[in-house]
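Taking it in order: structure first as structure tokens, then the write-up.
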Amino acid sequence: MIALNRRLRRLEEQLRPIVAERQITVQCGNLRRLPADYSGQRHVVTTKHPPADSTGRIWFEWEERPGPEPKSDADGPDDPHVIRVCFVEAKDGKPAY
């Protein structure tokens, strides 16, 4: 039992840096969409990234823009550890889900 505890402790110490790298960040904010009749390529840009409020939360604002993503942004991979939660205003006043 002591040997098992020692091995588990050593394994946890080895994995600690890997686990610390994989923290997930959740970004919440509003998304302003292009008109419903727009049918071409589109990409999303961050229009507002204010500092954190008193509770530590940051509320983003994003906007869809026509056309492909600019080359400078398209070259770098998106951060796989960031989850964006976008709130979209409903056109008819009903929930948009």
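Chain labels run A, B, ... following the order of the structure tokens; each chain numbers its residues from 1, and ligands are numbered from 1 in the order shown.
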
Can you list, as a ChimeraX atom specification, every protein, DNA or RNA residue that comes within 7 Å of Val45 of chain A when you count only C-alpha atoms, leaving out same-chain residues fewer than 5 positions away? /A:62-64

Save out the residues we just selected, C-alpha atoms, as a JSON list (two decimals), in the first residue's frame.
```json
[["chain", "number", "residue", "atom", "x", "y", "z"],
["A", 62, "TRP", "CA", -18.30, 40.14, -30.80],
["A", 63, "GLU", "CA", -19.47, 41.04, -34.27],
["A", 64, "GLU", "CA", -19.85, 39.04, -37.46]]
```

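By chain and then residue number, the residues within 8 Å of segment 82-89 of chain A are Ile24, Thr25, Val26, Gln27, Cys28, Gly29, Asn30, Leu31, Arg32, Arg33 and Ala96 of chain A, counting only C-alpha atoms and disregarding those fewer than 6 positions away in sequence.
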
Write a file of the selected residues as a tab-separated table (two decimals), in the first residue's frame, keeping C-alpha atoms.
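Output saved as out.tsv:
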```
chain	number	residue	atom	x	y	z
A	24	ILE	CA	-10.17	26.10	-19.82
A	25	THR	CA	-11.27	29.73	-20.08
A	26	VAL	CA	-14.92	30.56	-20.72
A	27	GLN	CA	-15.63	33.86	-22.48
A	28	CYS	CA	-19.22	35.17	-22.34
A	29	GLY	CA	-20.60	38.01	-24.41
A	30	ASN	CA	-23.03	39.33	-26.98
A	31	LEU	CA	-22.70	38.52	-30.68
A	32	ARG	CA	-24.04	40.97	-33.24
A	33	ARG	CA	-24.89	38.94	-36.34
A	96	ALA	CA	-33.12	32.16	-30.13
```

Would you mind writing down, as a ChimeraX atom specification, each residue of segment 27-68 of chain A that DSSP on the backbone assigns to strand (DSSP E)? /A:27-32,42-48,59-66

Please save C-alpha atoms of the selected residues as a compact mmCIF listing (two decimals), in the first residue's frame.
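See out-v6.txt below for the written result:
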```
# COMPACT_ATOMS: atom_id res chain seq x y z
CA GLN A 27 -15.63 33.86 -22.48
CA CYS A 28 -19.22 35.17 -22.34
CA GLY A 29 -20.60 38.01 -24.41
CA ASN A 30 -23.03 39.33 -26.98
CA LEU A 31 -22.70 38.52 -30.68
CA ARG A 32 -24.04 40.97 -33.24
CA ARG A 42 -18.33 35.59 -42.54
CA HIS A 43 -15.96 35.79 -39.61
CA VAL A 44 -16.22 36.94 -35.99
CA VAL A 45 -14.13 39.74 -34.45
CA THR A 46 -13.92 40.97 -30.87
CA THR A 47 -15.20 44.54 -30.70
CA LYS A 48 -15.14 45.05 -26.94
CA TRP A 59 -18.10 40.51 -20.71
CA PHE A 60 -17.08 40.46 -24.36
CA GLU A 61 -18.80 41.82 -27.44
CA TRP A 62 -18.30 40.14 -30.80
CA GLU A 63 -19.47 41.04 -34.27
CA GLU A 64 -19.85 39.04 -37.46
CA ARG A 65 -18.24 40.70 -40.44
CA PRO A 66 -18.57 39.86 -44.14
```

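Atom CA of Leu4 of chain A to atom CA of Arg16 of chain A spans 18.2 Å [interatomic distance, one decimal].
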
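For the pair atom CA of Pro70 of chain A and atom CA of Gln41 of chain A, the separation is 11.8 Å.
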
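The coordinates place atom CA of Arg7 of chain A at 24.8 Å from atom CA of Gln23 of chain A.
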